[in-house]
Amino acid sequence: MLIPRLAFRSLRSRLLTTSLTVTSIALSVTLLVGIEHVRAGVRESFAGTIRGVDLIVGARGSGLQVLLSSVFGIGNPSGSVALSTFERWQRHPAVKWAVPYALGDSHRGFRVVGTSAEFYARYRFRENRNITFAQGRVATTDVDVVIGSEVAEQLKYTIGSPVVVVHGLRDIGTSSHEAHPFKVVGILARTFTPIDRSVFVTLEGIEEMHEDENGGPATAGGATATAGVGTATAGVGTATAGRGTAGKPARRAVPPPGTPAAMPGAEPPPGTPLVMPGASPPPGTPLVMPGAEPPPAVNPSSPNPQLISPTPTRRSSVQPQPAVNQSNPLLQSNPLLQSFPLTAFFVGTKNRFEALMLQREMNTDLAEPLTAVIPGVALGELWQNIGSAEVGLRVVAIFAVAIGLTGMLVALYSSLEARRREMAIFRAIGAGPRTIVSLLVLESGLLSLLGCIIGVALVYAGLVLGQRPIEQRFGLHLAIRPLGTTEWLYIAVVLVAGIVIGFVPAIKAYRTSLVDGLSPRA
Amino acid sequence: MTIASAGSPAVELTSLRFAYRAGRDVLAIDHLRIDRGETVFLHGPSGSGKTTLLGVLAGVLQASSGQVKLLGSDFSTLSSGARDAFRARHLGYVFQMFNLIPYLSVRENILLPIRLDAHRRARLGSVSFDTAARDIAKQLDIAELIDAPIGELSVGQQQRVAAARALIGAPEVIIADEPTSALDTDRREQFLALLFASCKSAGATLVFVSHDHTLMPLFSRTVSLAEINHAATVPVRA
């Protein structure tokens, strides 16, 4: 018990040196463990951006582009996906669910996403967490808007706030869809994903908005490009009605390429009441998805059923089955609506193993060139590319620890110089190498142990204090979790290094005092 | 290790040679014998190898050749660790100054040797550490300082604490390296009186190094290092 007591008393007697040494070790440990926490946090929040989705499908392009443009809202999508294509795949036997994803508009810098109500139920993030509503409900009508938490926070929106959407991503004041104001019906709880910075509307909402803006067929062909939702607008309600009343098998009539064509069955008596598609199902029509909402009675005043197809579709080989997507009931049997471009769609498969086959099938499909990516794989690839920053962080951390340990060695060495006298006294009393070495090694061990404890405590204190500000500032959620294997390893290395470093001056002390330890020079 | 029976010399050097660097002897002593119970005044000018000789006697320095025997044990046959243990068990050492561990109290400084060595601890018998420390402190007239921090002591008090530490657990040999040189004349005699009394009551042999010749008459024997050390006739250090 003598040596621990001596070590403790000795450290206490040199409080300033001791605390400076401990501080330098603590700071390096803080840096090391902190960087590891941040690294893991970045990685987790990145990998947890999207879960529960088996495939993300976009127009043919690189997988990375599909992922970045849809999930992260970075860059431009490789193209658009026709709604009919979405519907076609939605009926694929391997598909359990599919959710459309239409981008191209924005609200005060936040991107607007047109999607279905199913999106909120299917999207998962982090450890399989659901999207939850902080307030309100799912967007169901064409004026409903659901906003992400960051949108709500920054714009100080509450339920009922009006939202005006503009075309494109920047508000240049010329193409705002003022004629179609939306109203906030739901605010999502924070997810720490790009969802927080998104504004969600229904596909019908996008539809309506562009229709109101364009005002009719004359300009229907004007809107194009990635978010050319404006092309698929007019007469949708009546088209559906027409199909219903006619009782004909609703076919996806496809106009010959390059030829503007009138819609077959698209001239119903104006004002014909909408008929539920399920009311008199045409022979051969597959049954409506159970539990699907009835089609909203949209757009009874749709100005003109005479439609021009501005974008000849290439999908001549569409399946003959009529569309029965009840969440987009208006889009059936209307060529314009079939060309309604989505940016992407998310797919959940009935069986996880089918995702691979389905991906292959989609990627090789001749009808419309698509790129289907498995989110986990694409995220992994992306992380590989940007992950070199991780190595950089680690290198910095390791250097920090090397500096901290060198500092400790310097501190031990210089204190040893001042303690030569003390060592000589111990030697004169008869203290052997074991006593001297254990005393000094115990001291350096205690210094590094204390440094590690304080360093880790600082990390957790930093996490407790900094968690919210970091979330708010950087959108990075740093979990307060127990130390991981890597972190324990780092701490073990620091401890062992501290102990080993203690041996250097200890052995020197023993040798030195052998030679001149008994001399009275102080 | 076996300790020869009383009557054998406390210290015996035979054909001792010591050099820090090969070929440059600092000590060359043909023979020196100190009997048990003697109080020896060892004197010599600076550079005559006093401190080196004490290092050899304490077993901190190893003779280059010749024989160093303390209490019948031949140091040349002992390992460095065994010499450390021997020192802890049988020797008390007092430096010229700065004798004490600054972060320990007077009591803890006095008790260090018996904490370090079980043999010396055993010699206390049934006496508790505290009593032992108080007894020896009383002998050296520092009983009231027993709990004081080292920093509050005068140099004379510090030297007495050092003497108490050297004497606790009744080691056979006390080596003192100019322990009075930092004291004024009055204190010097007072310190020596206490040291002599304590050595006598413990039956310890005292080897006392000094260049203060006025102290010479107080000792039972005087040894001039300059006379017995042949190496010192060559001016080793300027």
# chains A, B, ... in the order shown; residues from 1 in each chain; ligands from 1
$ interface_residues --of "chain B" --to "chain A" --cutoff "9 Å" --atoms "only C-alpha atoms" --output "VMD selection string"
chain B and resid 20 51 to 52 54 to 55 58 60 to 61 80 to 89 91 to 104 112 to 113 115 to 117 165 to 166 177
$ write_last_selection --atoms "N, CA and C atoms" --output "compact mmCIF listing (two decimals), in the first residue's frame"
# COMPACT_ATOMS: atom_id res chain seq x y z
N TYR B 20 34.81 5.71 -11.92
CA TYR B 20 33.60 5.98 -12.71
C TYR B 20 33.87 5.64 -14.16
N THR B 51 32.39 11.33 -0.88
CA THR B 51 31.03 10.93 -1.25
C THR B 51 31.02 9.61 -2.02
N THR B 52 32.06 9.43 -2.85
CA THR B 52 32.17 8.18 -3.60
C THR B 52 32.33 7.00 -2.65
N LEU B 54 31.29 6.79 0.38
CA LEU B 54 30.01 6.53 1.04
C LEU B 54 29.07 5.77 0.11
N GLY B 55 29.11 6.12 -1.18
CA GLY B 55 28.28 5.40 -2.16
C GLY B 55 28.65 3.93 -2.22
N ALA B 58 27.48 2.25 0.96
CA ALA B 58 26.02 2.06 0.98
C ALA B 58 25.57 1.02 -0.04
N VAL B 60 25.43 1.56 -3.18
CA VAL B 60 24.82 2.20 -4.36
C VAL B 60 25.81 2.13 -5.53
N LEU B 61 27.09 2.25 -5.20
CA LEU B 61 28.13 2.13 -6.22
C LEU B 61 28.84 0.80 -6.02
N SER B 80 22.71 -5.89 -7.56
CA SER B 80 22.28 -4.52 -7.27
C SER B 80 21.03 -4.52 -6.41
N GLY B 81 20.07 -5.39 -6.75
CA GLY B 81 18.82 -5.47 -5.99
C GLY B 81 19.07 -5.95 -4.57
N ALA B 82 20.00 -6.91 -4.42
CA ALA B 82 20.30 -7.43 -3.09
C ALA B 82 20.99 -6.37 -2.24
N ARG B 83 21.81 -5.54 -2.88
CA ARG B 83 22.45 -4.45 -2.15
C ARG B 83 21.42 -3.41 -1.72
N ASP B 84 20.42 -3.18 -2.61
CA ASP B 84 19.32 -2.29 -2.22
C ASP B 84 18.64 -2.81 -0.96
N ALA B 85 18.36 -4.12 -0.97
CA ALA B 85 17.66 -4.73 0.15
C ALA B 85 18.53 -4.67 1.42
N PHE B 86 19.83 -4.91 1.23
CA PHE B 86 20.76 -4.85 2.37
C PHE B 86 20.74 -3.45 2.98
N ARG B 87 20.77 -2.48 2.11
CA ARG B 87 20.79 -1.08 2.57
C ARG B 87 19.51 -0.77 3.35
N ALA B 88 18.39 -1.22 2.79
CA ALA B 88 17.11 -0.95 3.44
C ALA B 88 17.09 -1.57 4.85
N ARG B 89 17.77 -2.71 4.98
CA ARG B 89 17.68 -3.47 6.22
C ARG B 89 18.68 -3.00 7.28
N LEU B 91 21.16 -0.25 6.97
CA LEU B 91 21.83 1.05 6.89
C LEU B 91 20.86 2.21 7.12
N GLY B 92 21.41 3.21 7.78
CA GLY B 92 20.69 4.48 7.84
C GLY B 92 21.56 5.52 7.16
N TYR B 93 20.97 6.40 6.39
CA TYR B 93 21.77 7.34 5.61
C TYR B 93 21.24 8.75 5.82
N VAL B 94 22.16 9.67 6.10
CA VAL B 94 21.76 11.07 6.25
C VAL B 94 22.57 11.91 5.26
N PHE B 95 21.84 12.67 4.46
CA PHE B 95 22.51 13.55 3.50
C PHE B 95 22.89 14.87 4.14
N GLN B 96 23.68 15.61 3.38
CA GLN B 96 24.08 16.96 3.80
C GLN B 96 22.85 17.87 3.97
N MET B 97 21.95 17.75 3.04
CA MET B 97 20.69 18.52 3.12
C MET B 97 19.66 17.88 2.19
N PHE B 98 18.50 18.44 2.16
CA PHE B 98 17.40 17.92 1.32
C PHE B 98 17.22 16.41 1.53
N ASN B 99 16.99 16.05 2.75
CA ASN B 99 16.88 14.65 3.09
C ASN B 99 15.47 14.09 2.97
N LEU B 100 14.50 15.00 2.87
CA LEU B 100 13.13 14.54 3.11
C LEU B 100 12.28 14.56 1.84
N ILE B 101 11.33 13.65 1.82
CA ILE B 101 10.36 13.63 0.72
C ILE B 101 9.38 14.77 0.99
N PRO B 102 9.34 15.73 0.10
CA PRO B 102 8.62 16.97 0.41
C PRO B 102 7.11 16.79 0.59
N TYR B 103 6.54 15.78 -0.05
CA TYR B 103 5.07 15.67 0.03
C TYR B 103 4.60 14.76 1.15
N LEU B 104 5.53 14.33 1.99
CA LEU B 104 5.12 13.51 3.13
C LEU B 104 5.35 14.31 4.41
N LEU B 112 9.28 5.85 6.61
CA LEU B 112 9.54 5.26 5.28
C LEU B 112 10.39 3.98 5.32
N PRO B 113 11.52 3.97 6.05
CA PRO B 113 12.37 2.76 6.00
C PRO B 113 11.65 1.51 6.52
N ARG B 115 8.48 1.01 6.50
CA ARG B 115 7.43 0.62 5.55
C ARG B 115 8.03 -0.15 4.38
N LEU B 116 9.25 0.21 4.06
CA LEU B 116 9.89 -0.36 2.88
C LEU B 116 10.47 -1.75 3.16
N ASP B 117 10.90 -2.00 4.40
CA ASP B 117 11.59 -3.25 4.69
C ASP B 117 10.95 -3.99 5.86
N ARG B 165 14.87 9.21 10.79
CA ARG B 165 14.55 8.23 9.77
C ARG B 165 15.68 7.21 9.60
N ALA B 166 16.93 7.70 9.70
CA ALA B 166 18.06 6.79 9.55
C ALA B 166 18.11 5.79 10.71
N ASP B 177 26.62 11.99 5.64
CA ASP B 177 27.47 12.71 4.69
C ASP B 177 27.37 14.20 4.97
$ residues_around --residues "B:Asp135" --least-positions-apart "2" --cutoff "12 Å" --atoms "only C-alpha atoms" --output "ChimeraX atom specification"
/B:107,110-111,124,127-133,137-144,146,164-165,167-169,198
$ write_last_selection --atoms "N, CA and C atoms" --output "compact mmCIF listing (two decimals), in the first residue's frame"
# COMPACT_ATOMS: atom_id res chain seq x y z
N ARG B 107 6.21 12.51 10.23
CA ARG B 107 5.97 11.14 10.66
C ARG B 107 6.17 10.16 9.48
N ILE B 110 9.77 9.73 8.59
CA ILE B 110 10.49 8.90 9.56
C ILE B 110 10.15 7.42 9.34
N LEU B 111 8.89 7.15 9.01
CA LEU B 111 8.44 5.76 8.91
C LEU B 111 8.80 5.08 7.59
N LEU B 124 10.90 -3.55 15.34
CA LEU B 124 10.12 -2.71 16.25
C LEU B 124 9.42 -3.55 17.30
N VAL B 127 5.84 -2.71 19.19
CA VAL B 127 5.62 -1.26 19.20
C VAL B 127 4.92 -0.82 17.91
N SER B 128 3.90 0.00 18.05
CA SER B 128 3.19 0.47 16.86
C SER B 128 4.05 1.46 16.08
N PHE B 129 3.74 1.63 14.80
CA PHE B 129 4.47 2.57 13.96
C PHE B 129 4.45 3.95 14.60
N ASP B 130 3.28 4.32 15.06
CA ASP B 130 3.12 5.67 15.59
C ASP B 130 4.01 5.86 16.82
N THR B 131 3.98 4.87 17.70
CA THR B 131 4.80 4.95 18.91
C THR B 131 6.28 4.99 18.54
N ALA B 132 6.66 4.16 17.61
CA ALA B 132 8.06 4.11 17.19
C ALA B 132 8.49 5.47 16.65
N ALA B 133 7.63 6.07 15.81
CA ALA B 133 7.96 7.37 15.24
C ALA B 133 8.06 8.42 16.34
N ALA B 137 11.37 10.44 17.49
CA ALA B 137 11.26 11.89 17.37
C ALA B 137 11.58 12.56 18.70
N LYS B 138 11.14 11.92 19.79
CA LYS B 138 11.41 12.46 21.12
C LYS B 138 12.91 12.47 21.38
N GLN B 139 13.56 11.38 21.01
CA GLN B 139 15.00 11.28 21.20
C GLN B 139 15.72 12.42 20.51
N LEU B 140 15.23 12.78 19.34
CA LEU B 140 15.90 13.81 18.55
C LEU B 140 15.26 15.18 18.74
N ASP B 141 14.38 15.26 19.74
CA ASP B 141 13.82 16.55 20.14
C ASP B 141 12.95 17.19 19.04
N ILE B 142 12.23 16.36 18.33
CA ILE B 142 11.32 16.90 17.30
C ILE B 142 9.91 16.35 17.48
N ALA B 143 9.60 15.90 18.71
CA ALA B 143 8.31 15.26 18.96
C ALA B 143 7.14 16.17 18.59
N GLU B 144 7.31 17.46 18.84
CA GLU B 144 6.18 18.38 18.59
C GLU B 144 5.99 18.65 17.09
N ILE B 146 5.94 16.24 14.78
CA ILE B 146 5.67 14.95 14.14
C ILE B 146 4.64 15.02 13.01
N ALA B 164 16.37 10.81 12.49
CA ALA B 164 15.34 9.92 13.04
C ALA B 164 14.99 8.83 12.04
N ARG B 165 14.87 9.21 10.79
CA ARG B 165 14.55 8.23 9.77
C ARG B 165 15.68 7.21 9.60
N LEU B 167 17.67 6.25 11.88
CA LEU B 167 17.83 5.42 13.08
C LEU B 167 16.65 4.48 13.34
N ILE B 168 15.49 4.75 12.76
CA ILE B 168 14.31 3.96 13.10
C ILE B 168 14.49 2.51 12.64
N GLY B 169 14.03 1.60 13.44
CA GLY B 169 14.18 0.18 13.12
C GLY B 169 15.59 -0.33 13.39
N SER B 198 21.60 8.68 20.22
CA SER B 198 20.72 7.72 19.56
C SER B 198 21.49 6.52 19.04
$ select_by_dssp --residues "stretch 22-66 of chain A" --states "strand (DSSP E)" --output "PDB file with N, CA and C atoms, in the first residue's frame"
ATOM      1  N   LEU A  55     -36.310  -0.709 -53.139  1.00  0.00           N
ATOM      2  CA  LEU A  55     -35.759  -0.188 -54.386  1.00  0.00           C
ATOM      3  C   LEU A  55     -36.177   1.270 -54.570  1.00  0.00           C
ATOM      4  N   ILE A  56     -35.250   2.042 -55.069  1.00  0.00           N
ATOM      5  CA  ILE A  56     -35.582   3.387 -55.525  1.00  0.00           C
ATOM      6  C   ILE A  56     -35.443   3.343 -57.037  1.00  0.00           C
ATOM      7  N   VAL A  57     -36.480   3.767 -57.716  1.00  0.00           N
ATOM      8  CA  VAL A  57     -36.475   3.639 -59.166  1.00  0.00           C
ATOM      9  C   VAL A  57     -36.583   5.021 -59.792  1.00  0.00           C
ATOM     10  N   GLY A  58     -35.679   5.311 -60.686  1.00  0.00           N
ATOM     11  CA  GLY A  58     -35.724   6.576 -61.405  1.00  0.00           C
ATOM     12  C   GLY A  58     -35.463   6.319 -62.869  1.00  0.00           C
ATOM     13  N   ALA A  59     -35.403   7.412 -63.626  1.00  0.00           N
ATOM     14  CA  ALA A  59     -35.099   7.269 -65.042  1.00  0.00           C
ATOM     15  C   ALA A  59     -33.686   6.746 -65.190  1.00  0.00           C
TER      16      ALA A  59
END
$ closest_residue --among "B:Ile29, B:Leu194, B:Leu78, B:Ile174" --to "B:Ile228" --atoms "only C-alpha atoms"
B:Ile29
$ residues_around --residues "A:Leu393" --least-positions-apart "4" --cutoff "9 Å" --atoms "only C-alpha atoms" --output "NGL selection string"
:A and (35-36 or 39 or 388-389 or 397-398)
$ select_by_dssp --residues "stretch 135-195 of chain B" --states "alpha helix (DSSP H)" --output "JSON list (two decimals) with C-alpha atoms, in the first residue's frame"
[["chain", "number", "residue", "atom", "x", "y", "z"],
["B", 135, "ASP", "CA", 9.87, 7.65, 20.41],
["B", 136, "ILE", "CA", 12.58, 8.36, 17.91],
["B", 137, "ALA", "CA", 11.26, 11.89, 17.37],
["B", 138, "LYS", "CA", 11.41, 12.46, 21.12],
["B", 139, "GLN", "CA", 15.00, 11.28, 21.20],
["B", 155, "VAL", "CA", 17.20, 23.11, 8.15],
["B", 156, "GLY", "CA", 18.28, 21.91, 11.61],
["B", 157, "GLN", "CA", 14.88, 20.33, 12.22],
["B", 158, "GLN", "CA", 15.01, 18.70, 8.82],
["B", 159, "GLN", "CA", 18.39, 17.18, 9.60],
["B", 160, "ARG", "CA", 17.03, 15.80, 12.85],
["B", 161, "VAL", "CA", 14.08, 14.27, 11.01],
["B", 162, "ALA", "CA", 16.58, 12.71, 8.61],
["B", 163, "ALA", "CA", 18.53, 11.31, 11.54],
["B", 164, "ALA", "CA", 15.34, 9.92, 13.04],
["B", 165, "ARG", "CA", 14.55, 8.23, 9.77],
["B", 166, "ALA", "CA", 18.06, 6.79, 9.55],
["B", 167, "LEU", "CA", 17.83, 5.42, 13.08],
["B", 185, "THR", "CA", 27.87, 26.00, 15.17],
["B", 186, "ASP", "CA", 25.41, 25.79, 18.10],
["B", 187, "ARG", "CA", 23.04, 23.62, 16.18],
["B", 188, "ARG", "CA", 25.88, 21.46, 14.98],
["B", 189, "GLU", "CA", 26.89, 20.38, 18.47],
["B", 190, "GLN", "CA", 23.28, 19.93, 19.54],
["B", 191, "PHE", "CA", 22.59, 17.75, 16.50],
["B", 192, "LEU", "CA", 25.71, 15.68, 17.06],
["B", 193, "ALA", "CA", 24.87, 15.15, 20.72],
["B", 194, "LEU", "CA", 21.45, 13.82, 19.76],
["B", 195, "LEU", "CA", 22.92, 11.66, 17.00]]
$ residues_around --residues "B:Glu227" --least-positions-apart "3" --cutoff "10 Å" --atoms "only C-alpha atoms" --output "PyMOL selection string"
chain B and resi 29+43-44+48+223-224+230-233
$ write_last_selection --atoms "N, CA and C atoms" --output "PDB file, in the first residue's frame"
ATOM      1  N   ILE B  29      41.942   2.084  -1.965  1.00  0.00           N
ATOM      2  CA  ILE B  29      42.157   1.931  -0.527  1.00  0.00           C
ATOM      3  C   ILE B  29      42.605   0.486  -0.265  1.00  0.00           C
ATOM      4  N   HIS B  43      37.439  12.305   7.276  1.00  0.00           N
ATOM      5  CA  HIS B  43      37.600  13.657   6.739  1.00  0.00           C
ATOM      6  C   HIS B  43      38.550  13.656   5.562  1.00  0.00           C
ATOM      7  N   GLY B  44      38.470  14.709   4.811  1.00  0.00           N
ATOM      8  CA  GLY B  44      39.343  14.838   3.654  1.00  0.00           C
ATOM      9  C   GLY B  44      38.923  16.044   2.872  1.00  0.00           C
ATOM     10  N   SER B  48      38.556  14.325  -2.499  1.00  0.00           N
ATOM     11  CA  SER B  48      39.319  13.182  -2.007  1.00  0.00           C
ATOM     12  C   SER B  48      38.508  11.889  -2.085  1.00  0.00           C
ATOM     13  N   VAL B 223      39.519   9.099  10.663  1.00  0.00           N
ATOM     14  CA  VAL B 223      40.186   8.536   9.499  1.00  0.00           C
ATOM     15  C   VAL B 223      40.355   9.639   8.474  1.00  0.00           C
ATOM     16  N   SER B 224      41.581   9.804   8.004  1.00  0.00           N
ATOM     17  CA  SER B 224      41.811  10.796   6.958  1.00  0.00           C
ATOM     18  C   SER B 224      41.787  10.079   5.621  1.00  0.00           C
ATOM     19  N   HIS B 230      44.899   6.198  -2.068  1.00  0.00           N
ATOM     20  CA  HIS B 230      46.042   6.482  -2.934  1.00  0.00           C
ATOM     21  C   HIS B 230      45.617   7.233  -4.175  1.00  0.00           C
ATOM     22  N   ALA B 231      44.436   6.989  -4.606  1.00  0.00           N
ATOM     23  CA  ALA B 231      43.968   7.662  -5.821  1.00  0.00           C
ATOM     24  C   ALA B 231      43.863   9.159  -5.597  1.00  0.00           C
ATOM     25  N   ALA B 232      43.596   9.555  -4.364  1.00  0.00           N
ATOM     26  CA  ALA B 232      43.393  10.973  -4.079  1.00  0.00           C
ATOM     27  C   ALA B 232      44.680  11.756  -4.144  1.00  0.00           C
ATOM     28  N   THR B 233      45.854  11.053  -4.043  1.00  0.00           N
ATOM     29  CA  THR B 233      47.118  11.776  -4.149  1.00  0.00           C
ATOM     30  C   THR B 233      47.308  12.325  -5.546  1.00  0.00           C
TER      31      THR B 233
END
$ closest_residue --among "B:Thr180, B:Asn109, B:Ser46, B:Ser126" --to "B:Ile150" --atoms "only C-alpha atoms"
B:Asn109
$ residues_around --residues "A:Glu471" --least-positions-apart "6" --cutoff "9 Å" --atoms "only C-alpha atoms" --output "ChimeraX atom specification"
/A:192,477-478
$ residues_around --residues "A:Glu118" --least-positions-apart "2" --cutoff "10 Å" --atoms "only C-alpha atoms" --output "PyMOL selection string"
chain A and resi 97-100+115-116+120-123+138+327
$ write_last_selection --atoms "C-alpha atoms" --output "mmCIF file, in the first residue's frame"
data_model
loop_
_atom_site.group_PDB
_atom_site.id
_atom_site.type_symbol
_atom_site.label_atom_id
_atom_site.label_comp_id
_atom_site.auth_asym_id
_atom_site.auth_seq_id
_atom_site.Cartn_x
_atom_site.Cartn_y
_atom_site.Cartn_z
ATOM 1 C CA TRP A 97 -46.176 -1.427 -52.318
ATOM 2 C CA ALA A 98 -44.940 1.453 -54.413
ATOM 3 C CA VAL A 99 -44.890 5.109 -53.610
ATOM 4 C CA PRO A 100 -44.523 7.853 -56.218
ATOM 5 C CA THR A 115 -46.374 11.675 -53.240
ATOM 6 C CA SER A 116 -49.134 9.446 -51.993
ATOM 7 C CA TYR A 120 -45.817 8.393 -44.696
ATOM 8 C CA ALA A 121 -46.512 4.832 -43.694
ATOM 9 C CA ARG A 122 -43.789 3.202 -45.745
ATOM 10 C CA TYR A 123 -40.810 5.439 -45.370
ATOM 11 C CA VAL A 138 -51.519 13.078 -43.830
ATOM 12 C CA SER A 327 -54.538 6.681 -55.055
#
$ atom_distance --atom1 "atom CA of A:Ala47" --atom2 "atom CA of A:Asn130"
15.4 Å
